[in-house]
>>> print(open('final.cif').read())   # mmCIF, C-alpha atoms
data_run
loop_
_atom_site.label_atom_id
_atom_site.label_comp_id
_atom_site.auth_asym_id
_atom_site.auth_seq_id
_atom_site.Cartn_x
_atom_site.Cartn_y
_atom_site.Cartn_z
CA MET K 1 0.21 -32.07 -37.50
CA THR K 2 1.59 -33.45 -34.23
CA ASN K 3 -0.99 -35.25 -32.12
CA GLN K 4 -0.47 -33.39 -28.84
CA SER K 5 -1.99 -30.49 -26.95
CA ALA K 6 -0.84 -27.07 -25.80
CA ILE K 7 -2.31 -25.02 -22.97
CA PHE K 8 -2.59 -21.22 -22.99
CA VAL K 9 -3.25 -19.60 -19.62
CA ASP K 10 -4.17 -15.94 -19.13
CA ALA K 11 -2.86 -15.70 -15.57
CA GLY K 12 -4.63 -12.42 -14.80
CA PHE K 13 -7.96 -13.97 -15.76
CA LEU K 14 -7.31 -17.16 -13.80
CA HIS K 15 -6.26 -15.23 -10.69
CA SER K 16 -9.35 -13.06 -10.96
CA VAL K 17 -11.90 -15.86 -11.24
CA GLY K 18 -10.07 -17.97 -8.65
CA ALA K 19 -10.04 -15.10 -6.16
CA GLN K 20 -13.69 -14.37 -6.91
CA ARG K 21 -14.59 -17.96 -6.14
CA VAL K 22 -12.55 -18.21 -2.94
CA ALA K 23 -12.59 -14.66 -1.53
CA ALA K 24 -15.60 -13.13 -3.34
CA THR K 25 -13.44 -10.43 -4.93
CA SER K 26 -11.30 -10.23 -8.05
CA TYR K 27 -8.43 -8.70 -6.05
CA ARG K 28 -5.47 -10.88 -6.95
CA ASP K 29 -3.63 -10.68 -3.65
CA ALA K 30 -6.72 -11.79 -1.73
CA VAL K 31 -5.63 -15.38 -2.37
CA LYS K 32 -2.51 -17.51 -2.21
CA VAL K 33 -1.93 -19.86 -5.13
CA GLN K 34 -0.31 -23.29 -5.15
CA TYR K 35 0.99 -23.03 -8.69
CA SER K 36 2.34 -26.56 -9.06
CA THR K 37 -1.03 -27.96 -7.96
CA LEU K 38 -2.88 -25.62 -10.30
CA VAL K 39 -0.72 -26.37 -13.35
CA GLN K 40 -0.87 -30.13 -12.73
CA GLY K 41 -4.65 -29.98 -12.37
CA ILE K 42 -5.04 -28.03 -15.61
CA THR K 43 -2.72 -30.44 -17.43
CA ASN K 44 -4.68 -33.43 -16.11
CA ALA K 45 -7.97 -31.87 -17.26
CA ALA K 46 -6.60 -31.33 -20.77
CA ARG K 47 -5.18 -34.86 -20.93
CA ALA K 48 -8.44 -36.40 -19.72
CA HIS K 49 -10.37 -34.56 -22.44
CA SER K 50 -8.01 -35.01 -25.40
CA GLY K 51 -6.25 -38.25 -24.56
CA VAL K 52 -2.99 -36.88 -25.96
CA PRO K 53 0.16 -35.65 -24.18
CA ASN K 54 0.70 -31.97 -23.54
CA LEU K 55 3.50 -30.17 -25.36
CA ARG K 56 3.72 -27.22 -23.03
CA THR K 57 1.74 -24.87 -20.81
CA TYR K 58 2.16 -21.21 -21.78
CA TRP K 59 1.63 -18.88 -18.83
CA TYR K 60 0.82 -15.26 -19.75
CA ASP K 61 1.13 -12.51 -17.18
CA ALA K 62 2.49 -8.97 -16.83
CA SER K 63 5.10 -7.22 -14.71
CA ARG K 64 6.93 -3.93 -14.50
CA ASP K 65 9.10 -3.61 -17.62
CA GLY K 66 8.20 -7.19 -18.56
CA LEU K 67 10.78 -8.62 -16.15
CA LEU K 68 10.41 -11.89 -14.26
CA THR K 69 9.38 -11.42 -10.64
CA ASP K 70 10.19 -13.98 -7.94
CA GLU K 71 6.68 -15.37 -8.37
CA HIS K 72 7.15 -15.74 -12.12
CA LYS K 73 10.49 -17.45 -11.58
CA ARG K 74 8.83 -20.04 -9.34
CA ILE K 75 6.19 -20.67 -11.99
CA ALA K 76 8.83 -20.93 -14.73
CA MET K 77 10.58 -23.66 -12.73
CA ILE K 78 7.51 -25.92 -12.92
CA PRO K 79 8.25 -28.60 -15.54
CA GLY K 80 6.53 -27.98 -18.86
CA VAL K 81 5.67 -24.33 -18.18
CA LYS K 82 6.80 -21.40 -20.31
CA VAL K 83 6.22 -17.95 -18.77
CA ARG K 84 5.47 -15.18 -21.27
CA LEU K 85 5.27 -11.64 -19.91
CA GLY K 86 3.69 -8.41 -21.01
CA ARG K 87 4.11 -5.11 -19.21
CA LEU K 88 2.34 -3.25 -16.44
CA ASN K 89 1.88 0.45 -17.04
CA TYR K 90 1.83 3.19 -14.41
CA PHE K 91 -1.82 2.48 -13.60
CA GLY K 92 -1.26 -1.26 -13.15
CA GLU K 93 -2.90 -2.14 -16.49
CA GLN K 94 -1.59 -5.08 -18.51
CA LYS K 95 -0.14 -4.30 -21.93
CA GLY K 96 0.88 -6.80 -24.59
CA VAL K 97 -0.38 -9.91 -22.80
CA ASP K 98 -3.32 -10.70 -25.09
CA LEU K 99 -1.23 -10.00 -28.18
CA ARG K 100 1.50 -12.40 -27.05
CA LEU K 101 -1.08 -15.10 -26.40
CA ALA K 102 -2.77 -14.54 -29.76
CA LEU K 103 0.50 -14.62 -31.71
CA ASP K 104 1.66 -17.79 -29.96
CA LEU K 105 -1.66 -19.53 -30.53
CA VAL K 106 -1.70 -18.75 -34.24
CA GLY K 107 2.02 -19.50 -34.60
CA LEU K 108 1.63 -22.91 -32.98
CA ALA K 109 -1.30 -23.71 -35.27
CA ARG K 110 0.67 -22.62 -38.33
CA THR K 111 3.64 -24.88 -37.50
CA GLY K 112 1.38 -27.84 -36.71
CA ALA K 113 3.08 -28.35 -33.32
CA ALA K 114 -0.21 -29.38 -31.69
CA SER K 115 -3.58 -30.71 -32.72
CA VAL K 116 -5.61 -29.12 -29.94
CA ALA K 117 -5.14 -25.96 -27.88
CA TYR K 118 -6.70 -25.41 -24.47
CA LEU K 119 -7.41 -21.79 -23.62
CA ILE K 120 -7.96 -20.34 -20.14
CA SER K 121 -9.13 -16.77 -20.71
CA GLY K 122 -12.32 -14.80 -21.08
CA ASP K 123 -11.12 -11.94 -23.27
CA ASP K 124 -13.22 -11.09 -26.30
CA ASP K 125 -10.08 -9.75 -28.02
CA LEU K 126 -8.86 -13.34 -28.48
CA THR K 127 -11.85 -14.31 -30.64
CA GLU K 128 -10.16 -13.48 -33.95
CA ALA K 129 -6.98 -15.32 -32.94
CA VAL K 130 -9.06 -18.41 -32.13
CA GLU K 131 -10.74 -18.23 -35.53
CA GLU K 132 -7.39 -17.90 -37.30
CA ALA K 133 -5.96 -20.90 -35.41
CA GLN K 134 -9.03 -22.94 -36.31
CA SER K 135 -8.63 -22.04 -39.98
CA LEU K 136 -5.13 -23.54 -39.81
CA GLY K 137 -6.53 -26.88 -38.65
CA ILE K 138 -6.22 -26.80 -34.86
CA ARG K 139 -9.06 -27.30 -32.42
CA VAL K 140 -9.40 -24.73 -29.63
CA VAL K 141 -11.14 -25.74 -26.41
CA LEU K 142 -11.95 -23.34 -23.58
CA LEU K 143 -11.21 -24.45 -20.01
CA GLY K 144 -13.55 -22.50 -17.74
CA ILE K 145 -14.99 -22.30 -14.27
CA ALA K 146 -18.65 -23.14 -13.86
CA GLU K 147 -21.13 -20.39 -13.00
CA VAL K 148 -24.81 -21.25 -13.05
CA GLU K 149 -25.90 -17.60 -13.21
CA SER K 150 -24.06 -17.09 -16.50
CA ARG K 151 -25.96 -17.56 -19.76
CA ILE K 152 -23.06 -19.60 -21.15
CA GLY K 153 -22.43 -21.54 -17.95
CA VAL K 154 -18.89 -20.32 -17.26
CA SER K 155 -17.49 -17.43 -15.26
CA ALA K 156 -16.28 -14.15 -16.76
CA VAL K 157 -16.00 -15.34 -20.38
CA ALA K 158 -17.05 -13.11 -23.27
CA GLU K 159 -19.94 -14.64 -25.18
CA ASN K 160 -18.28 -14.11 -28.57
CA LEU K 161 -15.29 -16.12 -27.40
CA ALA K 162 -17.49 -18.87 -25.97
CA TYR K 163 -19.42 -19.15 -29.25
CA THR K 164 -16.20 -19.32 -31.30
CA VAL K 165 -14.23 -22.08 -29.52
CA ASP K 166 -14.74 -25.72 -30.47
CA GLY K 167 -15.89 -26.69 -27.02
CA ILE K 168 -15.95 -25.75 -23.34
CA GLU K 169 -14.65 -27.96 -20.55
CA LEU K 170 -14.85 -27.14 -16.84
CA LEU K 171 -12.09 -27.10 -14.27
CA SER K 172 -13.17 -28.92 -11.14
CA GLU K 173 -14.16 -27.20 -7.92
CA ASP K 174 -11.79 -29.53 -6.09
CA LEU K 175 -8.87 -28.13 -8.08
CA LEU K 176 -9.86 -24.55 -7.26
CA LYS K 177 -10.14 -25.36 -3.56
CA ALA K 178 -6.75 -27.06 -3.56
CA ALA K 179 -4.94 -24.37 -5.57
CA PHE K 180 -6.51 -21.16 -4.23
CA THR K 181 -6.63 -20.31 -0.52
CA ARG K 182 -7.64 -17.05 1.05
CA SER K 183 -4.80 -14.86 2.30
CA LEU K 184 -4.48 -14.66 6.07
CA SER K 185 -5.01 -11.37 7.88
CA LYS K 186 -1.96 -9.68 9.22
CA ASP K 187 -1.38 -8.22 12.67
CA PRO K 188 -3.72 -5.21 12.98
CA VAL K 189 -1.35 -3.51 15.42
CA SER K 190 1.43 -3.45 12.82
CA ALA K 191 -0.98 -2.18 10.21
CA SER K 192 -2.15 0.60 12.51
CA ALA K 193 1.43 1.64 13.17
CA ALA K 194 2.16 1.83 9.47
CA ALA K 195 -0.96 3.91 8.90
CA ALA K 196 0.04 6.27 11.71
CA VAL K 197 3.48 6.84 10.18
CA ALA K 198 1.92 7.56 6.79
CA ALA K 199 -0.63 9.91 8.30
CA ALA K 200 2.01 11.82 10.21
CA ALA K 201 4.16 12.13 7.11
CA GLY K 202 1.19 13.39 5.09
CA SER K 203 0.41 16.00 7.73
CA ALA K 204 4.03 17.12 7.76
CA ARG K 205 4.05 17.54 3.99
CA SER K 206 0.90 19.65 4.16
CA ALA K 207 2.32 21.80 6.94
CA GLY K 208 5.61 22.31 5.16
CA SER K 209 4.05 23.33 1.85
CA ALA K 210 1.97 26.25 3.14
CA GLY K 211 2.28 26.29 6.89
CA SER K 212 -1.39 25.43 7.28
CA VAL K 213 -3.08 24.44 4.03
CA GLY K 214 -4.09 20.77 3.59
CA SER K 215 -3.39 18.79 0.45
CA VAL K 216 -6.91 18.71 -1.02
CA GLY K 217 -9.34 21.60 -1.17
CA VAL K 218 -13.11 21.32 -1.21
CA GLY K 219 -14.81 23.62 -3.70
CA GLY K 220 -13.25 27.03 -4.21
CA SER K 221 -13.49 28.49 -0.75
CA GLY K 222 -9.98 27.59 0.36
CA THR K 223 -11.20 25.23 3.06
CA ALA K 224 -8.57 22.54 3.55
CA VAL K 225 -8.76 18.85 4.30
CA GLY K 226 -6.30 17.33 6.78
CA GLY K 227 -5.27 20.70 8.18
CA GLY K 228 -6.29 24.33 7.91
CA ALA K 229 -6.42 27.82 9.42
CA GLY K 230 -2.87 27.31 10.63
CA SER K 231 -3.99 24.84 13.24
CA GLY K 232 -2.77 21.58 11.68
CA ALA K 233 -6.05 20.11 12.81
CA GLY K 234 -5.52 16.51 13.69
CA GLY K 235 -2.06 16.69 12.14
CA VAL K 236 1.33 18.32 12.62
CA THR K 237 2.09 22.02 12.29
CA ALA K 238 5.21 23.51 10.74
CA ALA K 239 7.77 25.26 12.88
CA ALA K 240 6.37 28.64 13.84
CA GLY K 241 7.01 31.32 11.26
CA THR K 242 9.25 29.13 9.10
CA GLY K 243 6.94 26.89 7.06
CA ARG K 244 9.59 24.16 7.39
CA VAL K 245 8.78 20.48 7.88
CA PRO K 246 9.46 19.61 11.54
CA SER K 247 12.28 17.27 12.47
CA PRO K 248 11.53 13.59 13.22
CA ALA K 249 11.85 14.29 16.93
CA ALA K 250 9.42 17.19 16.76
CA LEU K 251 7.13 15.10 14.62
CA ALA K 252 7.07 12.36 17.23
CA ARG K 253 6.26 14.88 20.00
CA GLN K 254 3.42 16.52 18.09
CA THR K 255 1.77 13.37 16.77
CA THR K 256 -0.21 11.30 19.25
CA GLU K 257 -3.25 9.96 17.41
CA PRO K 258 -2.83 11.05 13.80
CA LYS K 259 -6.03 11.54 11.85
CA VAL K 260 -5.80 10.60 8.20
CA ALA K 261 -7.85 12.97 6.03
CA VAL K 262 -10.99 14.37 7.57
CA ARG K 263 -14.07 12.17 7.92
CA PRO K 264 -16.76 14.83 8.29
CA GLU K 265 -20.36 14.56 7.25
CA ALA K 266 -19.37 15.38 3.65
CA ALA K 267 -16.13 13.50 2.95
CA VAL K 268 -14.05 14.16 -0.13
CA VAL K 269 -13.95 11.17 -2.50
CA TYR K 270 -11.23 10.96 -5.13
CA SER K 271 -10.84 8.53 -8.03
CA SER K 272 -7.57 8.20 -9.85
CA SER K 273 -9.53 6.86 -12.83
CA THR K 274 -11.29 10.19 -13.28
CA GLY K 275 -8.77 12.49 -11.62
CA GLY K 276 -11.58 14.35 -9.89
CA VAL K 277 -13.08 14.88 -6.48
CA SER K 278 -16.68 14.90 -5.35
CA SER K 279 -18.50 15.36 -2.09
CA PRO K 280 -21.69 13.32 -1.65
CA ASP K 281 -24.46 14.34 0.67
CA ARG K 282 -24.25 12.23 3.78
CA ALA K 283 -27.51 10.79 5.02
CA GLY K 284 -26.31 7.25 5.36
CA GLY K 285 -24.05 8.30 2.44
CA TYR K 286 -26.56 10.17 0.28
CA ASN K 287 -29.76 12.15 0.37
CA GLN K 288 -31.98 9.10 0.61
CA LYS K 289 -35.19 11.04 0.03
CA SER K 290 -34.10 11.75 -3.56
CA LEU K 291 -33.33 8.09 -4.34
CA THR K 292 -35.66 5.31 -5.42
CA GLY K 293 -35.83 1.95 -3.68
CA HIS K 294 -33.90 0.39 -6.55
CA GLU K 295 -31.14 3.01 -6.29
CA LEU K 296 -30.87 2.49 -2.54
CA SER K 297 -30.55 -1.26 -3.15
CA LEU K 298 -27.76 -0.68 -5.66
CA ILE K 299 -25.94 1.61 -3.24
CA ALA K 300 -26.22 -0.99 -0.46
CA THR K 301 -24.69 -3.60 -2.77
CA ALA K 302 -21.91 -1.20 -3.75
CA GLU K 303 -21.13 -0.50 -0.10
CA GLU K 304 -20.89 -4.23 0.61
CA ILE K 305 -18.48 -4.67 -2.29
CA GLY K 306 -16.38 -1.67 -1.25
CA ALA K 307 -16.04 -3.05 2.27
CA LYS K 308 -15.19 -6.53 0.98
CA VAL K 309 -12.45 -5.25 -1.33
CA ALA K 310 -11.04 -3.16 1.51
CA ALA K 311 -10.95 -6.13 3.88
CA ASN K 312 -9.19 -8.34 1.34
CA TRP K 313 -6.69 -5.67 0.42
CA TYR K 314 -5.97 -4.84 4.05
CA ALA K 315 -5.42 -8.51 4.89
CA SER K 316 -2.84 -9.04 2.16
CA THR K 317 -1.02 -5.73 1.84
CA THR K 318 2.42 -4.96 3.25
CA GLN K 319 3.17 -2.21 5.75
CA THR K 320 4.98 -0.23 3.07
CA GLU K 321 2.03 -0.42 0.70
CA LEU K 322 -0.35 0.50 3.49
CA ALA K 323 1.74 3.52 4.42
CA ASP K 324 1.84 4.66 0.79
CA VAL K 325 -1.93 4.42 0.38
CA PHE K 326 -2.63 6.26 3.63
CA GLY K 327 -0.08 8.90 2.69
CA ASP K 328 -1.99 9.62 -0.54
CA ARG K 329 -5.45 9.59 1.02
CA PRO K 330 -8.15 10.42 -0.05
CA GLN K 331 -6.82 9.22 -3.41
CA ILE K 332 -7.50 5.54 -4.10
CA PRO K 333 -4.80 3.74 -6.11
CA ALA K 334 -5.84 3.02 -9.69
CA MET K 335 -5.41 -0.74 -9.24
CA ILE K 336 -7.77 -0.85 -6.25
CA ASP K 337 -10.23 1.49 -7.95
CA ARG K 338 -10.40 -0.83 -10.97
CA ILE K 339 -11.12 -3.80 -8.71
CA LEU K 340 -13.92 -1.88 -7.01
CA ILE K 341 -15.49 -1.07 -10.38
CA LYS K 342 -14.97 -4.58 -11.76
CA ASP K 343 -16.42 -6.38 -8.74
CA CYS K 344 -19.39 -4.03 -8.63
CA ALA K 345 -20.07 -4.42 -12.36
CA ARG K 346 -20.07 -8.17 -11.88
CA GLU K 347 -22.86 -7.85 -9.32
CA ILE K 348 -25.07 -5.06 -10.66
CA GLY K 349 -23.94 -4.59 -14.26
CA GLU K 350 -21.67 -2.06 -15.94
CA HIS K 351 -24.37 0.53 -16.64
CA ASP K 352 -25.41 0.95 -13.00
CA THR K 353 -21.83 0.73 -11.76
CA TYR K 354 -20.90 3.90 -13.64
CA LEU K 355 -23.58 5.95 -11.93
CA GLN K 356 -21.93 8.64 -9.82
CA SER K 357 -23.78 7.64 -6.66
CA ILE K 358 -22.63 4.03 -7.02
CA ARG K 359 -18.98 4.95 -7.55
CA GLN K 360 -19.13 7.28 -4.57
CA ALA K 361 -20.61 4.51 -2.44
CA LEU K 362 -17.88 2.08 -3.48
CA ARG K 363 -15.04 4.42 -2.61
CA ARG K 364 -16.59 5.74 0.57
CA ALA K 365 -17.25 2.18 1.81
CA PHE K 366 -13.65 1.25 1.02
CA TRP K 367 -12.27 3.98 3.28
CA ASP K 368 -14.88 3.35 5.98
CA LYS K 369 -13.83 -0.28 6.16
CA ILE K 370 -10.14 0.59 6.24
CA ASP K 371 -10.84 3.00 9.12
CA GLU K 372 -12.70 0.25 10.95
CA LEU K 373 -9.88 -2.25 10.49
CA HIS K 374 -6.96 -0.07 11.51
#
>>> encode(input="final.cif", output="structure tokens")
Amino acid sequence: MTNQSAIFVDAGFLHSVGAQRVAATSYRDAVKVQYSTLVQGITNAARAHSGVPNLRTYWYDASRDGLLTDEHKRIAMIPGVKVRLGRLNYFGEQKGVDLRLALDLVGLARTGAASVAYLISGDDDLTEAVEEAQSLGIRVVLLGIAEVESRIGVSAVAENLAYTVDGIELLSEDLLKAAFTRSLSKDPVSASAAAAVAAAAGSARSAGSAGSVGSVGVGGSGTAVGGGAGSGAGGVTAAAGTGRVPSPAALARQTTEPKVAVRPEAAVVYSSSTGGVSSPDRAGGYNQKSLTGHELSLIATAEEIGAKVAANWYASTTQTELADVFGDRPQIPAMIDRILIKDCAREIGEHDTYLQSIRQALRRAFWDKIDELH
């Protein structure tokens, strides 16, 4: 067996914990990453622990159709780094990443190409691969990020995985500070303009489809959101008697201060993860008289998280992405919805996060913060 190391990096995991540490959210685009600094720091940490040279750093991530993005190309150009990609599905979920990592780890152990493997991941699904690599004679050491609140002392790592590896070493806080920086906010005027265009387009689509009916109904009464009763309330009406979408010129004349979805006392909340809509009572968000003090505390935490995710997303998104999200309102993109759930579960636990009132609070706070910002 060759006396050298190999490093296996789950990029999604590293981005998540790095963003959580710097921006207090797992939203990946909330931070900018200095990849050369990060890779060098990880390599130095492995060398300091093992005392042997590093064969290669394997960088596992995902992209549409498994193709290299510009970001991945920059990472691949760092000396000693091999980028290995899985796929992103329609909902932004990674597919094939963990399997690639597991196969490479076991394959490297089987060929004897390294004597020690350093793993940066927290996924419980890798536990069996670690055990198989160990049975082939290789040591597997976890490189983690310290978290005093965790029972195992590291952030976002499954306990089974932590108990299986041969040891746990910590990446330094100095490295995280040098490699991860919070994304800067963009010009709010530009963002507002993009949102206005999206809102106007959404109103035009609603007007063109039925002359007056909005895109999302509440209950079964036929009441419409974002339009209704032929008035195009807060939006743009179709040409009289035709049901056609107005021309761009007419659209510009009709639209002064577009209103994106209605924000009444009972706002519609949609989750792409469930495909459903719900309408919470609105007394500070809910009927507070029916909630216990503990439930109110959980809702307050959820609202803080929803606002934080919204602020980070708004600061790092492009005008095109912003326009797309506003055009689909009140639907929340699956990727953002997952981050809301994940960040909330980190704070209050998975069981409480999946309460309906908590999920409603998360999504409502997200839109409230976006409204405030734009």
>>> resolve_selection(input="final.cif", expression="the PyMOL selection byres ((chain K and resi 143) around 7)", output="list in words")
Tyr118, Leu119, Ile120, Val141, Leu142, Gly144, Ile168, Glu169, Leu170 and Leu171 of chain K
>>> closest_residue(input="final.cif", among="K:Ser316, K:Ser297, K:Ser63, K:Thr111", to="Gly92 (chain K)", atoms="only C-alpha atoms")
K:Ser63
>>> resolve_selection(input="final.cif", expression="the PyMOL selection byres ((chain K and resi 29) around 10)", output="ChimeraX atom specification")
/K:15-16,19,25-28,30-33,182-183,312-317
>>> axis_aligned_box(input="final.cif", around="region 297-307 of chain K", padding_each_side="5 Å", output="JSON")
{"center_x": -23.3, "center_y": -1.5, "center_z": -1.7, "size_x": 24.5, "size_y": 16.3, "size_z": 17.9}
>>> closest_residue(input="final.cif", among="K:Val97, K:Val165, K:Ala11, K:Ile341", to="Ile138 (chain K)", atoms="only C-alpha atoms")
K:Val165
>>> closest_residue(input="final.cif", among="K:Thr37, K:Ser115, K:Thr69, K:Ser121", to="Ser50 (chain K)", atoms="only C-alpha atoms")
K:Ser115
>>> atom_distance(input="final.cif", atom1="CA of Asp352 (chain K)", atom2="CA of Glu295 (chain K)")
9.1 Å
>>> atom_distance(input="final.cif", atom1="CA of Pro79 (chain K)", atom2="CA of Gly137 (chain K)")
27.5 Å
>>> closest_residue(input="final.cif", among="K:Ala23, K:Ala102, K:Ile7, K:Ile348", to="Ala311 (chain K)", atoms="only C-alpha atoms")
K:Ala23
>>> residues_around(input="final.cif", residues="Tyr58 (chain K)", least_positions_apart="5", cutoff="12 Å", atoms="only C-alpha atoms", output="PyMOL selection string")
chain K and resi 5-11+39+42-43+75-76+78-85+97+100-102+104-105+108+117-120
>>> resolve_selection(input="final.cif", expression="the PyMOL selection byres ((chain K and resi 88) around 8)", output="list in words")
Ala62, Ser63, Arg64, Asp65, Gly66, Gly86, Arg87, Asn89, Tyr90, Phe91, Gly92, Glu93, Gln94 and Lys95 of chain K
>>> write_last_selection(input="final.cif", atoms="C-alpha atoms", output="CSV table (one decimal), in the frame of the given file")
chain,number,residue,atom,x,y,z
K,62,ALA,CA,2.5,-9.0,-16.8
K,63,SER,CA,5.1,-7.2,-14.7
K,64,ARG,CA,6.9,-3.9,-14.5
K,65,ASP,CA,9.1,-3.6,-17.6
K,66,GLY,CA,8.2,-7.2,-18.6
K,86,GLY,CA,3.7,-8.4,-21.0
K,87,ARG,CA,4.1,-5.1,-19.2
K,89,ASN,CA,1.9,0.4,-17.0
K,90,TYR,CA,1.8,3.2,-14.4
K,91,PHE,CA,-1.8,2.5,-13.6
K,92,GLY,CA,-1.3,-1.3,-13.2
K,93,GLU,CA,-2.9,-2.1,-16.5
K,94,GLN,CA,-1.6,-5.1,-18.5
K,95,LYS,CA,-0.1,-4.3,-21.9
>>> atom_distance(input="final.cif", atom1="CA of Asp343 (chain K)", atom2="CA of Gln360 (chain K)")
14.5 Å
>>> residues_around(input="final.cif", residues="Glu303 (chain K)", least_positions_apart="6", cutoff="8 Å", atoms="only C-alpha atoms", output="list in words")
Ala361, Leu362, Arg364, Ala365 and Phe366 of chain K
>>> closest_residue(input="final.cif", among="K:Gly327, K:Gly153, K:Gly306, K:Pro53", to="Ile339 (chain K)", atoms="all atoms listed in the file")
K:Gly306
>>> closest_residue(input="final.cif", among="K:Ile145, K:Ala179, K:Ala133, K:Leu126", to="Gly107 (chain K)", atoms="all atoms listed in the file")
K:Ala133
>>> decode(input="final.cif", residues="region 12-26 of chain K", atoms="N, CA and C atoms", output="tab-separated table (two decimals), in the first residue's frame")
chain	number	residue	atom	x	y	z
K	12	GLY	N	-21.27	19.85	-1.67
K	12	GLY	CA	-22.55	20.36	-1.18
K	12	GLY	C	-22.55	20.48	0.33
K	13	PHE	N	-22.01	19.49	1.01
K	13	PHE	CA	-21.89	19.53	2.46
K	13	PHE	C	-20.99	20.66	2.91
K	14	LEU	N	-19.83	20.81	2.28
K	14	LEU	CA	-18.88	21.84	2.68
K	14	LEU	C	-19.44	23.24	2.45
K	15	HIS	N	-20.11	23.44	1.33
K	15	HIS	CA	-20.76	24.72	1.08
K	15	HIS	C	-21.81	25.02	2.15
K	16	SER	N	-22.58	23.99	2.50
K	16	SER	CA	-23.66	24.19	3.46
K	16	SER	C	-23.14	24.60	4.83
K	17	VAL	N	-22.16	23.86	5.35
K	17	VAL	CA	-21.66	24.18	6.69
K	17	VAL	C	-20.85	25.47	6.67
K	18	GLY	N	-20.17	25.74	5.56
K	18	GLY	CA	-19.42	27.00	5.46
K	18	GLY	C	-20.36	28.20	5.44
K	19	ALA	N	-21.44	28.08	4.66
K	19	ALA	CA	-22.42	29.17	4.60
K	19	ALA	C	-23.12	29.34	5.94
K	20	GLN	N	-23.40	28.22	6.61
K	20	GLN	CA	-24.05	28.30	7.92
K	20	GLN	C	-23.16	29.04	8.91
K	21	ARG	N	-21.87	28.80	8.83
K	21	ARG	CA	-20.95	29.45	9.76
K	21	ARG	C	-20.79	30.95	9.46
K	22	VAL	N	-20.76	31.30	8.19
K	22	VAL	CA	-20.50	32.68	7.80
K	22	VAL	C	-21.77	33.52	7.69
K	23	ALA	N	-22.83	32.93	7.11
K	23	ALA	CA	-24.05	33.69	6.83
K	23	ALA	C	-25.26	33.21	7.62
K	24	ALA	N	-25.07	32.22	8.49
K	24	ALA	CA	-26.15	31.69	9.34
K	24	ALA	C	-27.29	31.11	8.53
K	25	THR	N	-26.99	30.55	7.36
K	25	THR	CA	-27.96	29.84	6.55
K	25	THR	C	-27.21	28.84	5.70
K	26	SER	N	-27.87	27.74	5.34
K	26	SER	CA	-27.22	26.74	4.50
K	26	SER	C	-27.33	27.07	3.02
